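So this block is data16.txt, compact mmCIF, C-alpha atoms:
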# COMPACT_ATOMS: atom_id res chain seq x y z
CA MET O 1 0.28 -5.59 -17.60
CA ASN O 2 -2.65 -4.26 -19.53
CA GLY O 3 -2.27 -0.61 -18.63
CA SER O 4 -2.42 1.81 -21.52
CA ALA O 5 -1.04 5.29 -21.24
CA THR O 6 -1.60 8.51 -23.07
CA ALA O 7 0.64 11.50 -22.58
CA SER O 8 1.05 15.09 -23.59
CA ALA O 9 3.74 17.53 -22.59
CA SER O 10 1.74 19.95 -20.48
CA LEU O 11 -1.59 18.28 -19.76
CA GLY O 12 -0.29 15.43 -17.71
CA ARG O 13 -0.64 11.73 -18.30
CA ARG O 14 -3.46 9.28 -18.09
CA MET O 15 -3.52 5.53 -17.73
CA ASP O 16 -6.39 3.07 -17.55
CA LEU O 17 -5.72 -0.04 -15.51
CA ARG O 18 -7.57 -3.28 -15.02
CA ALA O 19 -9.00 -3.22 -11.48
CA VAL O 20 -6.93 -6.15 -10.23
CA PRO O 21 -4.09 -6.24 -7.64
CA SER O 22 -1.53 -7.45 -10.19
CA GLU O 23 -1.79 -4.01 -11.87
CA LEU O 24 -0.53 -2.21 -8.75
CA VAL O 25 3.06 -2.67 -9.95
CA THR O 26 2.16 -0.66 -13.05
CA ALA O 27 0.44 2.01 -10.94
CA ARG O 28 3.56 2.39 -8.77
CA GLN O 29 5.79 2.63 -11.86
CA PHE O 30 3.44 5.28 -13.32
CA ALA O 31 3.61 7.27 -10.05
CA ASP O 32 7.35 6.92 -9.60
CA ALA O 33 8.07 8.03 -13.16
CA ALA O 34 5.84 11.10 -12.70
CA ALA O 35 7.55 11.93 -9.40
CA GLU O 36 10.96 11.61 -11.05
CA ARG O 37 9.96 13.89 -13.94
CA PHE O 38 8.64 16.39 -11.39
CA GLY O 39 12.03 16.33 -9.68
CA LEU O 40 11.22 14.86 -6.29
CA ASP O 41 14.12 13.29 -4.43
CA GLU O 42 14.20 9.56 -3.73
CA GLN O 43 12.53 9.80 -0.31
CA GLU O 44 9.74 12.00 -1.61
CA ARG O 45 9.26 9.80 -4.66
CA TYR O 46 8.81 6.80 -2.39
CA ALA O 47 6.32 8.71 -0.22
CA PHE O 48 4.33 9.78 -3.29
CA THR O 49 4.35 6.25 -4.70
CA PHE O 50 3.27 4.84 -1.33
CA ALA O 51 0.24 7.18 -1.24
CA VAL O 52 -0.66 6.41 -4.87
CA ASN O 53 -0.49 2.69 -4.14
CA GLU O 54 -2.96 3.17 -1.26
CA ALA O 55 -5.36 5.18 -3.43
CA VAL O 56 -5.27 2.68 -6.29
CA SER O 57 -5.55 -0.27 -3.87
CA ASN O 58 -8.72 1.29 -2.44
CA ALA O 59 -10.14 1.79 -5.93
CA ILE O 60 -9.40 -1.85 -6.80
CA GLU O 61 -10.63 -3.27 -3.51
CA HIS O 62 -13.63 -1.13 -2.69
CA GLY O 63 -14.49 0.74 -5.84
CA CYS O 64 -16.37 -0.16 -8.96
CA SER O 65 -14.53 -0.52 -12.20
CA SER O 66 -15.92 0.72 -15.49
CA PRO O 67 -18.03 -1.67 -17.57
CA ASP O 68 -14.81 -2.85 -19.20
CA GLY O 69 -13.24 -3.49 -15.79
CA THR O 70 -10.86 -0.56 -15.59
CA ILE O 71 -10.06 2.32 -13.29
CA ARG O 72 -8.45 5.55 -14.46
CA MET O 73 -5.32 7.30 -13.20
CA ASN O 74 -4.27 10.84 -14.06
CA VAL O 75 -1.15 12.67 -13.05
CA ALA O 76 -0.37 16.34 -13.72
CA GLU O 77 1.99 19.04 -12.59
CA GLU O 78 0.14 22.07 -11.24
CA ALA O 79 2.39 25.01 -10.32
CA ASP O 80 4.54 23.67 -7.49
CA ALA O 81 2.52 20.51 -6.95
CA LEU O 82 2.30 17.04 -8.40
CA VAL O 83 -1.35 15.98 -8.54
CA PHE O 84 -2.49 12.39 -8.92
CA CYS O 85 -6.09 11.30 -9.35
CA VAL O 86 -7.60 7.84 -9.43
CA GLU O 87 -11.18 7.31 -10.41
CA ASP O 88 -13.37 4.26 -10.22
CA PHE O 89 -16.63 4.01 -12.11
CA GLY O 90 -19.96 2.32 -12.07
CA THR O 91 -22.77 2.67 -9.62
CA PHE O 92 -21.63 3.47 -6.15
CA ALA O 93 -23.17 0.89 -3.85
CA PRO O 94 -23.61 2.46 -0.43
CA LYS O 95 -23.11 -0.01 2.37
CA ALA O 96 -23.69 0.36 6.06
CA PRO O 97 -20.33 0.95 7.73
CA GLY O 98 -19.11 -2.36 9.06
CA VAL O 99 -16.33 -3.25 11.41
CA GLU O 100 -14.73 -5.28 8.67
CA THR O 101 -14.55 -2.66 5.96
CA LEU O 102 -14.06 0.67 7.69
CA PRO O 103 -10.74 0.16 9.47
CA GLU O 104 -8.98 -1.02 6.32
CA ARG O 105 -10.18 1.88 4.23
CA GLY O 106 -9.75 4.33 7.08
CA ARG O 107 -6.21 3.22 7.57
CA GLY O 108 -5.50 3.63 3.85
CA LEU O 109 -6.81 7.21 3.90
CA ALA O 110 -4.89 8.09 7.06
CA PHE O 111 -1.74 6.61 5.54
CA MET O 112 -2.19 8.60 2.33
CA ALA O 113 -2.55 11.79 4.34
CA ALA O 114 0.72 11.06 6.13
CA PHE O 115 2.66 10.83 2.85
CA VAL O 116 1.27 13.63 0.67
CA ASP O 117 0.19 17.20 1.39
CA GLU O 118 -3.49 16.91 0.46
CA VAL O 119 -5.99 14.09 0.07
CA ASP O 120 -9.47 14.73 -1.33
CA VAL O 121 -12.11 12.08 -1.78
CA THR O 122 -15.14 12.88 -3.93
CA ARG O 123 -17.95 10.38 -4.14
CA GLY O 124 -20.25 10.98 -7.07
CA ALA O 125 -22.98 9.24 -8.98
CA HIS O 126 -20.40 7.65 -11.26
CA GLY O 127 -17.90 6.43 -8.71
CA THR O 128 -15.20 7.75 -6.40
CA LEU O 129 -12.40 10.15 -7.24
CA VAL O 130 -9.37 10.33 -4.97
CA ARG O 131 -7.00 13.25 -5.52
CA LEU O 132 -3.52 13.36 -3.99
CA CYS O 133 -1.39 16.47 -4.03
CA LYS O 134 2.34 16.49 -3.29
CA ARG O 135 4.00 19.88 -3.16
CA ARG O 136 7.63 20.42 -3.96
CA ALA O 137 9.56 20.82 -0.72
CA ALA O 138 10.66 24.41 -0.09
CA ALA O 139 14.32 24.92 -0.98
CA MET F 1 4.04 -11.80 -8.90
CA SER F 2 6.22 -9.11 -7.38
CA TYR F 3 6.97 -10.75 -4.04
CA THR F 4 8.59 -13.83 -2.53
CA LEU F 5 7.45 -15.54 0.65
CA GLY F 6 8.85 -18.42 2.65
CA TYR F 7 9.29 -19.57 6.23
CA ARG F 8 11.55 -21.77 8.38
CA GLU F 9 11.48 -23.11 11.91
CA ASP F 10 13.96 -21.33 14.17
CA GLY F 11 13.51 -23.03 17.52
CA PRO F 12 10.60 -24.33 19.60
CA ASP F 13 7.39 -22.67 18.40
CA LYS F 14 9.46 -20.02 16.65
CA TYR F 15 9.32 -19.32 12.94
CA VAL F 16 10.99 -16.85 10.62
CA ILE F 17 8.86 -15.69 7.70
CA SER F 18 10.98 -14.15 4.95
CA VAL F 19 9.23 -11.77 2.61
CA GLY F 20 10.96 -10.17 -0.36
CA GLY F 21 9.98 -7.79 -3.12
CA GLU F 22 6.83 -5.73 -3.03
CA LEU F 23 4.17 -6.36 -0.39
CA ASP F 24 1.00 -4.96 -1.87
CA LEU F 25 -2.64 -6.02 -2.12
CA GLY F 26 -1.56 -8.94 -4.30
CA ALA F 27 0.81 -10.28 -1.63
CA ALA F 28 -1.49 -9.78 1.37
CA PRO F 29 -3.52 -13.02 1.07
CA ALA F 30 -0.35 -15.14 0.98
CA LEU F 31 1.18 -13.30 3.95
CA ARG F 32 -2.05 -13.58 5.93
CA GLY F 33 -2.42 -17.24 4.99
CA THR F 34 1.13 -18.13 6.03
CA ILE F 35 0.78 -16.36 9.38
CA ASP F 36 -2.62 -18.01 10.03
CA HIS F 37 -1.15 -21.41 9.22
CA LEU F 38 1.78 -20.97 11.63
CA LEU F 39 -0.38 -19.56 14.44
CA GLU F 40 -2.80 -22.47 14.08
CA ASP F 41 0.24 -24.75 14.27
CA GLY F 42 1.13 -23.25 17.65
CA ALA F 43 3.78 -20.70 16.77
CA ALA F 44 4.46 -18.41 19.75
CA THR F 45 7.22 -16.28 18.27
CA LEU F 46 7.18 -15.01 14.72
CA VAL F 47 9.97 -13.08 13.07
CA ILE F 48 8.97 -11.29 9.88
CA ASP F 49 12.18 -10.85 7.92
CA LEU F 50 11.78 -7.94 5.50
CA SER F 51 15.49 -7.77 4.60
CA GLU F 52 14.68 -8.40 0.93
CA ALA F 53 11.47 -6.31 0.83
CA ARG F 54 11.38 -3.05 -1.08
CA PHE F 55 7.77 -1.99 -0.57
CA ILE F 56 4.99 -2.52 1.97
CA ASP F 57 1.44 -1.16 1.93
CA SER F 58 -1.11 -0.38 4.67
CA THR F 59 -2.80 -3.77 4.30
CA SER F 60 0.40 -5.67 5.08
CA ILE F 61 1.24 -3.25 7.90
CA GLY F 62 -2.27 -3.95 9.22
CA ILE F 63 -1.56 -7.69 9.04
CA LEU F 64 1.62 -7.16 11.10
CA ILE F 65 -0.29 -5.17 13.74
CA GLY F 66 -3.09 -7.76 13.87
CA THR F 67 -0.54 -10.57 14.22
CA MET F 68 1.21 -8.72 17.04
CA HIS F 69 -2.10 -8.49 18.95
CA ARG F 70 -2.93 -12.14 18.33
CA LEU F 71 0.49 -13.27 19.57
CA ARG F 72 0.37 -11.04 22.64
CA GLU F 73 -2.98 -12.58 23.61
CA VAL F 74 -1.28 -15.97 23.85
CA GLY F 75 1.87 -14.66 25.51
CA GLY F 76 3.87 -14.74 22.28
CA ALA F 77 5.75 -12.08 20.38
CA LEU F 78 6.28 -10.67 16.91
CA GLU F 79 9.56 -9.19 15.70
CA VAL F 80 10.33 -7.46 12.45
CA VAL F 81 13.72 -7.47 10.74
CA CYS F 82 14.22 -4.59 8.34
CA THR F 83 17.16 -2.60 6.99
CA GLU F 84 15.60 -0.88 3.96
CA PRO F 85 15.62 2.88 4.72
CA ASN F 86 12.40 3.57 2.77
CA LEU F 87 10.50 0.90 4.71
CA LEU F 88 11.95 2.06 8.03
CA ARG F 89 10.78 5.56 7.23
CA VAL F 90 7.26 4.28 6.47
CA PHE F 91 7.23 2.41 9.79
CA GLU F 92 8.32 5.56 11.57
CA ILE F 93 5.69 7.76 9.88
CA VAL F 94 2.86 5.36 10.70
CA GLY F 95 4.19 4.69 14.21
CA LEU F 96 4.82 0.97 13.76
CA ASP F 97 8.28 1.36 15.28
CA LYS F 98 6.62 2.31 18.58
CA GLN F 99 4.40 -0.78 18.62
CA LEU F 100 6.78 -3.47 17.47
CA PRO F 101 10.43 -4.40 17.92
CA ILE F 102 12.12 -3.65 14.59
CA ARG F 103 15.76 -4.67 14.25
CA ALA F 104 18.38 -4.80 11.53
structure tokens encoding of this file:
Amino acid sequence: MNGSATASASLGRRMDLRAVPSELVTARQFADAAAERFGLDEQERYAFTFAVNEAVSNAIEHGCSSPDGTIRMNVAEEADALVFCVEDFGTFAPKAPGVETLPERGRGLAFMAAFVDEVDVTRGAHGTLVRLCKRRAAA
Amino acid sequence: MSYTLGYREDGPDKYVISVGGELDLGAAPALRGTIDHLLEDGAATLVIDLSEARFIDSTSIGILIGTMHRLREVGGALEVVCTEPNLLRVFEIVGLDKQLPIRA
């Protein structure tokens, strides 16, 4: 595990991960701990962690890591929602949609949407940002 | 490595693949490779035993769906064994329970 974390009480937490599958365990632990602090129950924590795992897997598999080979995760509590972001870096290399790549990624996005309340994907000049939002269930 | 993977013969052309731990992107190549190996060897029935699994991602679920289609094409079948409530809930949310026999 090479992940390094920074934290502050109100501004959320950040962790940079090497863009390799063996770091997914760390990403899931990061997500689960955030969900626990936020007060989600076990089922909702699992759902949040599942969606985070999909987002980070996509960043590792399809994204570009930074020059030092990392991707960046952020998690923050915003009002009644837990918000997770994962960002990959580098030059986005547009590829023609192919039968081999689209279904995998499409399935990942559809799966994320089934487990959190909002999924936003922003593709910019410096990479892709995926934002997941999980709202606290109404009492 | 956060997963375990093994298989055993369980009758003519029938194999049980036992997967434990966390099935993520890191586990997918081994799962895919084991299934490919058994199908090439003539397996007609595969049982994926997830009794010891705690986590599964969309890639591994995709492998299960692909394997189901491949086996159906040759008149075979895929079964999944799972008791973990979190995994069962994932299967329900993504509709896998409607495509595949899942038993305890």
**Request:** For range 28-33 of chain O, work out the shell of residues within 7 Å, counting all atoms listed in the file and skipping chain neighbours fewer than 2 positions away, then give it as a list in words.
**Result:**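 Surrounding residues, per the criterion: Leu24, Val25, Thr26, Ala35, Glu36, Arg37, Arg45, Thr49, Val52 and Asn53 of chain O.
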**Prompt:** What does the distance from CA of Gly63 in chain O to CA of Ala27 in chain F come to in Å, to one decimal?
**Reply:**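 A separation of 19.3 Å between them.
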**Residue with smallest distance to chain O - pool F:Arg72, F:His37, F:Lys98, F:Arg89, counting all atoms listed in the file** =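 Checking each candidate against chain O, we get F:Arg89 as the closest.
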**Message:** With 8 Å as the threshold, what does the neighbourhood of (8.6, -8.7, -1.5) contain in terms of residues, counting only C-alpha atoms? Coordinates are those of the file; answer as a list in words.
**Reply:**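 The residues near that point, listed by chain and number, are Ser2, Tyr3, Thr4, Leu5, Val19, Gly20, Gly21, Glu22, Leu23, Ala27, Leu50, Glu52, Ala53, Arg54, Phe55 and Ile56 of chain F.
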For chain O versus chain F, which residues have an atom no more than 12 Å away, and what is each residue's nearest atom pair and distance in Å rounded to one decimal, using only C-alpha atoms, chain-then-number order, as JSON lines?
{"residue": "O:Met1", "atom": "CA", "partner": "F:Met1", "partner_atom": "CA", "distance": 11.3}
{"residue": "O:Ala19", "atom": "CA", "partner": "F:Leu25", "partner_atom": "CA", "distance": 11.7}
{"residue": "O:Val20", "atom": "CA", "partner": "F:Gly26", "partner_atom": "CA", "distance": 8.5}
{"residue": "O:Pro21", "atom": "CA", "partner": "F:Gly26", "partner_atom": "CA", "distance": 5.0}
{"residue": "O:Ser22", "atom": "CA", "partner": "F:Gly26", "partner_atom": "CA", "distance": 6.1}
{"residue": "O:Glu23", "atom": "CA", "partner": "F:Gly26", "partner_atom": "CA", "distance": 9.0}
{"residue": "O:Leu24", "atom": "CA", "partner": "F:Asp24", "partner_atom": "CA", "distance": 7.6}
{"residue": "O:Val25", "atom": "CA", "partner": "F:Ser2", "partner_atom": "CA", "distance": 7.6}
{"residue": "O:Thr26", "atom": "CA", "partner": "F:Ser2", "partner_atom": "CA", "distance": 11.0}
{"residue": "O:Ala27", "atom": "CA", "partner": "F:Asp24", "partner_atom": "CA", "distance": 11.5}
{"residue": "O:Arg28", "atom": "CA", "partner": "F:Phe55", "partner_atom": "CA", "distance": 10.2}
{"residue": "O:Glu42", "atom": "CA", "partner": "F:Asn86", "partner_atom": "CA", "distance": 9.0}
{"residue": "O:Gln43", "atom": "CA", "partner": "F:Asn86", "partner_atom": "CA", "distance": 7.0}
{"residue": "O:Glu44", "atom": "CA", "partner": "F:Asn86", "partner_atom": "CA", "distance": 9.9}
{"residue": "O:Arg45", "atom": "CA", "partner": "F:Asn86", "partner_atom": "CA", "distance": 10.2}
{"residue": "O:Tyr46", "atom": "CA", "partner": "F:Asn86", "partner_atom": "CA", "distance": 7.1}
{"residue": "O:Ala47", "atom": "CA", "partner": "F:Val90", "partner_atom": "CA", "distance": 8.1}
{"residue": "O:Phe48", "atom": "CA", "partner": "F:Val90", "partner_atom": "CA", "distance": 11.6}
{"residue": "O:Thr49", "atom": "CA", "partner": "F:Phe55", "partner_atom": "CA", "distance": 9.8}
{"residue": "O:Phe50", "atom": "CA", "partner": "F:Asp57", "partner_atom": "CA", "distance": 7.1}
{"residue": "O:Ala51", "atom": "CA", "partner": "F:Asp57", "partner_atom": "CA", "distance": 9.0}
{"residue": "O:Val52", "atom": "CA", "partner": "F:Asp57", "partner_atom": "CA", "distance": 10.4}
{"residue": "O:Asn53", "atom": "CA", "partner": "F:Asp57", "partner_atom": "CA", "distance": 7.4}
{"residue": "O:Glu54", "atom": "CA", "partner": "F:Asp57", "partner_atom": "CA", "distance": 6.9}
{"residue": "O:Ala55", "atom": "CA", "partner": "F:Ser58", "partner_atom": "CA", "distance": 10.7}
{"residue": "O:Val56", "atom": "CA", "partner": "F:Leu25", "partner_atom": "CA", "distance": 10.0}
{"residue": "O:Ser57", "atom": "CA", "partner": "F:Leu25", "partner_atom": "CA", "distance": 6.7}
{"residue": "O:Asn58", "atom": "CA", "partner": "F:Leu25", "partner_atom": "CA", "distance": 9.5}
{"residue": "O:Ala59", "atom": "CA", "partner": "F:Leu25", "partner_atom": "CA", "distance": 11.5}
{"residue": "O:Ile60", "atom": "CA", "partner": "F:Leu25", "partner_atom": "CA", "distance": 9.2}
{"residue": "O:Glu61", "atom": "CA", "partner": "F:Leu25", "partner_atom": "CA", "distance": 8.6}
{"residue": "O:Thr101", "atom": "CA", "partner": "F:Thr59", "partner_atom": "CA", "distance": 11.9}
{"residue": "O:Pro103", "atom": "CA", "partner": "F:Gly62", "partner_atom": "CA", "distance": 9.4}
{"residue": "O:Glu104", "atom": "CA", "partner": "F:Thr59", "partner_atom": "CA", "distance": 7.1}
{"residue": "O:Arg105", "atom": "CA", "partner": "F:Thr59", "partner_atom": "CA", "distance": 9.3}
{"residue": "O:Gly106", "atom": "CA", "partner": "F:Ser58", "partner_atom": "CA", "distance": 10.1}
{"residue": "O:Arg107", "atom": "CA", "partner": "F:Ser58", "partner_atom": "CA", "distance": 6.9}
{"residue": "O:Gly108", "atom": "CA", "partner": "F:Ser58", "partner_atom": "CA", "distance": 6.0}
{"residue": "O:Leu109", "atom": "CA", "partner": "F:Ser58", "partner_atom": "CA", "distance": 9.5}
{"residue": "O:Ala110", "atom": "CA", "partner": "F:Val94", "partner_atom": "CA", "distance": 9.0}
{"residue": "O:Phe111", "atom": "CA", "partner": "F:Val94", "partner_atom": "CA", "distance": 7.0}
{"residue": "O:Met112", "atom": "CA", "partner": "F:Ser58", "partner_atom": "CA", "distance": 9.3}
{"residue": "O:Ala113", "atom": "CA", "partner": "F:Val94", "partner_atom": "CA", "distance": 10.5}
{"residue": "O:Ala114", "atom": "CA", "partner": "F:Ile93", "partner_atom": "CA", "distance": 7.0}
{"residue": "O:Phe115", "atom": "CA", "partner": "F:Ile93", "partner_atom": "CA", "distance": 8.2}
{"residue": "O:Val116", "atom": "CA", "partner": "F:Ile93", "partner_atom": "CA", "distance": 11.8}
**Item:** CA of Ala34 in chain O to CA of Leu129 in chain O, straight-line distance in Å
**Value:**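 According to the coordinates, CA of Leu129 in chain O and CA of Ala34 in chain O are separated by 19.1 Å.
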**Message:** So, with only C-alpha atoms as the atoms that count, which of F:Ala30, F:Glu92, F:Glu84, F:Leu64 lies closest to Val47 in chain F?
**Reply:**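 The closest residue to Val47 in chain F is F:Leu64.
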Output as a compact mmCIF listing (two decimals), in the frame of the given file: range 67-85 of chain O, completed with N, CA and C atoms.
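Once written, selection-v3.txt looks like this:
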# COMPACT_ATOMS: atom_id res chain seq x y z
N PRO O 67 -17.47 -0.44 -16.99
CA PRO O 67 -18.03 -1.67 -17.57
C PRO O 67 -16.96 -2.58 -18.18
N ASP O 68 -15.86 -1.99 -18.66
CA ASP O 68 -14.81 -2.85 -19.20
C ASP O 68 -13.76 -3.23 -18.15
N GLY O 69 -14.08 -2.98 -16.87
CA GLY O 69 -13.24 -3.49 -15.79
C GLY O 69 -12.01 -2.67 -15.50
N THR O 70 -12.05 -1.37 -15.82
CA THR O 70 -10.86 -0.56 -15.59
C THR O 70 -11.13 0.58 -14.60
N ILE O 71 -10.04 1.08 -14.05
CA ILE O 71 -10.06 2.32 -13.29
C ILE O 71 -9.11 3.28 -13.99
N ARG O 72 -9.22 4.57 -13.70
CA ARG O 72 -8.45 5.55 -14.46
C ARG O 72 -7.54 6.36 -13.54
N MET O 73 -6.27 6.46 -13.94
CA MET O 73 -5.32 7.30 -13.20
C MET O 73 -4.93 8.50 -14.06
N ASN O 74 -4.77 9.63 -13.41
CA ASN O 74 -4.27 10.84 -14.06
C ASN O 74 -3.18 11.43 -13.20
N VAL O 75 -2.15 11.95 -13.82
CA VAL O 75 -1.15 12.67 -13.05
C VAL O 75 -0.81 13.94 -13.81
N ALA O 76 -0.67 15.05 -13.08
CA ALA O 76 -0.37 16.34 -13.72
C ALA O 76 0.44 17.20 -12.79
N GLU O 77 1.22 18.07 -13.39
CA GLU O 77 1.99 19.04 -12.59
C GLU O 77 1.20 20.33 -12.58
N GLU O 78 0.89 20.82 -11.38
CA GLU O 78 0.14 22.07 -11.24
C GLU O 78 0.97 23.01 -10.39
N ALA O 79 1.53 24.06 -11.03
CA ALA O 79 2.39 25.01 -10.32
C ALA O 79 3.47 24.26 -9.57
N ASP O 80 3.46 24.32 -8.24
CA ASP O 80 4.54 23.67 -7.49
C ASP O 80 4.10 22.33 -6.93
N ALA O 81 3.05 21.76 -7.52
CA ALA O 81 2.52 20.51 -6.95
C ALA O 81 2.37 19.43 -8.01
N LEU O 82 2.56 18.21 -7.57
CA LEU O 82 2.30 17.04 -8.40
C LEU O 82 0.95 16.49 -7.96
N VAL O 83 0.02 16.37 -8.90
CA VAL O 83 -1.35 15.98 -8.54
C VAL O 83 -1.69 14.66 -9.22
N PHE O 84 -2.11 13.72 -8.41
CA PHE O 84 -2.49 12.39 -8.92
C PHE O 84 -3.96 12.17 -8.61
N CYS O 85 -4.68 11.64 -9.58
CA CYS O 85 -6.09 11.30 -9.35
C CYS O 85 -6.33 9.86 -9.78
